[in-house]
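Below is one structure, written out as structure tokens; comments come after it.
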Amino acid sequence: VKLVIGIVRPEKANDVLEALYKCEVSGLSISRVQGHGGELDRVQTYRGTTVKMELSDKVRFDIAVSDDFVDPTINALCEGARTGDVGDGKIFVLPLERAVRIRTGETDQAAVTPVGS
Amino acid sequence: MPPGIDTGDTAWMLTATALVLLMTVGLGLFYAGLVRAKNTLNTFMMSIGALGVVTVSWALIGYSLAFGDGSGFIGNFDHVFLKDVGFAPYGETTIPQVVFFCFQASFCIITAALVSGAVVERMRFLPYLGFIALWSIFVYPVMAHWVFGGGFLADGGTLDFAGGVPVEMGSGFSALAAAIVVGRRLDYGRQALLPHNTVFVLLGAGLLWFGWFGFNGGSGIGTGQNSVLAFINTLLCPACTLVTWFVLDLIRGRQVTAVGAATAIIVGCVGITPAGGYVSPGWAMALGVIAALPSYSVIVWRPRTRVDETLDVLAAHGIAGFTGILFIGFFAQADWNGISDGLVYGESALLGDQALAALVAPLYAFAATFILLRLMAFGFRLRVTEREEAIGLDVMQHGEEAYVTGEGAILVEPDGERDRGMFVTNPV
């Protein structure tokens, strides 16, 4: 069981969701995060004040999957989030020590397998 | 003051003008709430832009084209650059022409801003400003001349109290043309595109209704019986539309919706706009009920089409204005308006005049706007790029965001230096 973390552009989040559903990855959490990679800063002006926005809005996907699903999940994230410009985001894959489904107490692979599949 | 000026009329018209100006800000808020968060400022700025650009073009030439004598179709150049717009009353009115000018300007401003609802979330800001500048010269003044400036509809006997022809059908059918020329949003029909702040939508609708008392109540250009009749009708008609909309929402979705309520207020105000000074309060209430039905149907039907007329200007303004104009032909009552009876009260001629207006107004508004934007498209790129549309027009067109936290914002000017690592948390 692995935890796949994907950090993507907010405007691509829907495309990523679509790609994930297509490869039957349906258990996930998302959060809005701010971060900085290699992209150029955006300059904004408010009255007399000009500022550089160092942090960009991103959407973070946390997806726990069984080993067989790691590659499809990574592919879906890449396919959905890629624009080709700097700032498309990153994917991190981490080993997962334990996963528990609260409702049933199932653990690990059973816990991350969607109900009904 | 020159002879012929009535101080009471003038005082009310000064107030009414300010009320109508507030409507444009209310409209900006209404529209801003209906779009996605990343396009909030751009959408609001489309209304604010009209306050600037349209006022200038109105002063330069629009007013003269609408209210100069001219022909039955269009005014003339007698008042370009505000020539002869002074303290003497305009025509038969009892207010100084400078006040009349301002009142009519506020109508042109909000009408141009209304059209923006069709092209939000994808049109570039500068071509948009150019568009409304030209639109407020070639489209609005022509239609305003027909009914307000002594044009062929007014001569023929068409009754349009506060602008069912130029404002409501003018904006609604122009919006349809604009949506077709500019094209649909990339995400239209692919993703759910939801209003990002329904509180804005409700507050905007409330401000619009408030301002509409000046819009309709001022359209008698004074404080006569038609004006006060329009005032009470502006209370009654939208209230009935609101209640009717609740019922329609309940039938269709089992819940009363807030966006629906805001829309209903607009539809009711629009419906009574042409009819305000001509129908009895009782019939105004009936109009409120009747006007809800066609507009509701169009709002339900339109998203199933490929036309991304984004904020339903056609349904709320074009269709409700159409309903209101025709309604006069049936239910106008000389006892109340002192001018003419409708079909129900035994006079059949009026309905023909109203039907003529309901025919030519949509045709002209659609055709003129379609041609205008098509011509502009030869010289200018009307839309933002796909990438800009995805990121949002606030950042890409204005370099600002509506909901900025300031985290990670580094001061560049004044006095900021990257090296010193100065962080500002909340730029004002």
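Each chain in the structure tokens gets a letter, A, B, ..., in the order shown, and its residues are numbered from 1; ligands are numbered from 1 in order too.
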
Margin query: Taking only C-alpha atoms into account, find every residue of chain B that has an atom no more than 9 Å from chain A, and write it out as a PyMOL selection string.
Written below: chain B and resi 191+387+390-392+395+398-401+406-414+416+424+427-428

Compile the contact shell of Cys23 in chain A as an mmCIF file with C-alpha atoms, in the first residue's frame: residues with an atom at most 10 Å away, counting only C-alpha atoms, same-chain residues fewer than 6 positions apart removed.
data_model
loop_
_atom_site.group_PDB
_atom_site.id
_atom_site.type_symbol
_atom_site.label_atom_id
_atom_site.label_comp_id
_atom_site.auth_asym_id
_atom_site.auth_seq_id
_atom_site.Cartn_x
_atom_site.Cartn_y
_atom_site.Cartn_z
ATOM 1 C CA PHE A 69 -2.731 0.961 -8.623
ATOM 2 C CA PRO A 72 -2.210 4.024 -13.085
ATOM 3 C CA THR A 73 -2.615 6.708 -10.427
ATOM 4 C CA ASN A 75 -0.259 8.232 -15.048
ATOM 5 C CA ALA A 76 -3.656 9.770 -14.378
#

Who sits within 6 Å of Gly26 in chain B, only C-alpha atoms, same chain under 6 positions skipped, as a list in words: Gly204, Leu207 and Leu208 of chain B

Produce a file of the selected residues containing C-alpha atoms, as an mmCIF file, in the first residue's frame.
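In the end it all went to part.cif:
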data_model
loop_
_atom_site.group_PDB
_atom_site.id
_atom_site.type_symbol
_atom_site.label_atom_id
_atom_site.label_comp_id
_atom_site.auth_asym_id
_atom_site.auth_seq_id
_atom_site.Cartn_x
_atom_site.Cartn_y
_atom_site.Cartn_z
ATOM 1 C CA GLY B 204 -26.860 42.627 -5.966
ATOM 2 C CA LEU B 207 -29.632 46.788 -4.881
ATOM 3 C CA LEU B 208 -31.045 46.444 -8.363
#

Using only C-alpha atoms, the residue out of B:Val289, B:Leu229, B:Thr273, B:Gly217 with shortest distance to Val247 in chain B is B:Val289

message: Please list as a list in words every residue within 8 Å of range 130-135 of chain B, counting only C-alpha atoms and excluding residues in the same chain fewer than 5 positions away.
response: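 The contact residues come out as Ala50, Val53, Val54, Ser57, Ala112, Ala113, Tyr140, Thr369, Leu372, Leu373 and Met376 of chain B.
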
* Sel. of alpha helix (DSSP H) residues, range 22-181 of chain B, as an MDAnalysis selection string -> chainID B and resid 22:34 40:57 63:67 97:115 125:138 140:147 152:156 170:181

In Å, rounded to a single decimal, give me how far CA of Ala258 in chain B is from CA of Phe200 in chain B.
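These atoms are spaced 10.8 Å apart.
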
Spatial neighbours of range 29-33 of chain A, max dist 9 Å, only C-alpha atoms, sep filter under 3 positions, as a ChimeraX atom specification: /A:7,10,56-63

Checklist entry - With only C-alpha atoms as the basis for distance, which of B:Gly157, B:Pro166, B:Gly218, B:Pro141 is at the shortest distance from Trp58 in chain B? => result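 For Trp58 in chain B, the nearest of the candidates is B:Pro141.
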
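Residue nearest Gly6 in chain A, chosen from A:Glu24, A:Asp88, A:Glu39, A:Glu18 and counting only C-alpha atoms: A:Asp88.
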
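Computed from the coordinates, the CA of Gly68 in chain B to CA of Glu92 in chain B distance equals 13.9 Å.
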
Closest of B:Pro127, B:Gly172, B:Pro2, B:Gly70 to Arg383 in chain B, counting only C-alpha atoms, is B:Pro127

**Prompt:** Residues of chain A in strand (DSSP E) according to DSSP, as a PyMOL selection string?
**Reply:** chain A and resi 2-8+29-35+42-46+49-53+56-65+89-95

Residue subset to file, keeping C-alpha atoms, as a compact mmCIF listing (two decimals), in the first residue's frame:
# COMPACT_ATOMS: atom_id res chain seq x y z
CA LYS A 2 1.37 3.38 -1.01
CA LEU A 3 0.38 6.98 -0.46
CA VAL A 4 0.49 9.01 -3.65
CA ILE A 5 0.64 12.77 -3.17
CA GLY A 6 0.05 14.91 -6.22
CA ILE A 7 0.42 18.71 -6.21
CA VAL A 8 -1.26 20.19 -9.29
CA SER A 29 -8.77 13.63 -0.50
CA ILE A 30 -7.93 17.02 -1.89
CA SER A 31 -6.84 20.21 -0.20
CA ARG A 32 -5.91 23.68 -1.35
CA VAL A 33 -2.28 24.47 -0.65
CA GLN A 34 0.15 27.21 -1.50
CA GLY A 35 3.63 26.49 -2.61
CA ARG A 42 3.31 36.91 -10.67
CA VAL A 43 3.39 40.64 -10.12
CA GLN A 44 0.27 42.35 -8.81
CA THR A 45 -0.46 45.97 -8.01
CA TYR A 46 -2.83 47.26 -5.35
CA THR A 49 1.91 48.87 -3.82
CA THR A 50 3.45 46.41 -6.23
CA VAL A 51 3.99 42.92 -4.92
CA LYS A 52 5.43 39.70 -6.21
CA MET A 53 3.36 36.65 -5.41
CA SER A 56 1.14 29.89 -6.07
CA ASP A 57 -2.18 28.25 -5.32
CA LYS A 58 -2.09 24.52 -5.88
CA VAL A 59 -4.40 21.61 -5.23
CA ARG A 60 -3.00 18.63 -3.36
CA PHE A 61 -4.30 15.12 -3.92
CA ASP A 62 -3.74 12.49 -1.23
CA ILE A 63 -4.46 9.05 -2.61
CA ALA A 64 -3.81 5.78 -0.78
CA VAL A 65 -3.70 2.87 -3.22
CA GLY A 89 3.40 20.31 -10.03
CA LYS A 90 4.93 17.22 -8.47
CA ILE A 91 4.02 13.68 -7.50
CA PHE A 92 5.43 11.98 -4.42
CA VAL A 93 4.96 8.30 -3.61
CA LEU A 94 5.43 7.19 -0.02
CA PRO A 95 5.26 3.75 1.60

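When CA of Met1 in chain B is paired with CA of Ala105 in chain B, their separation reads 22.2 Å.
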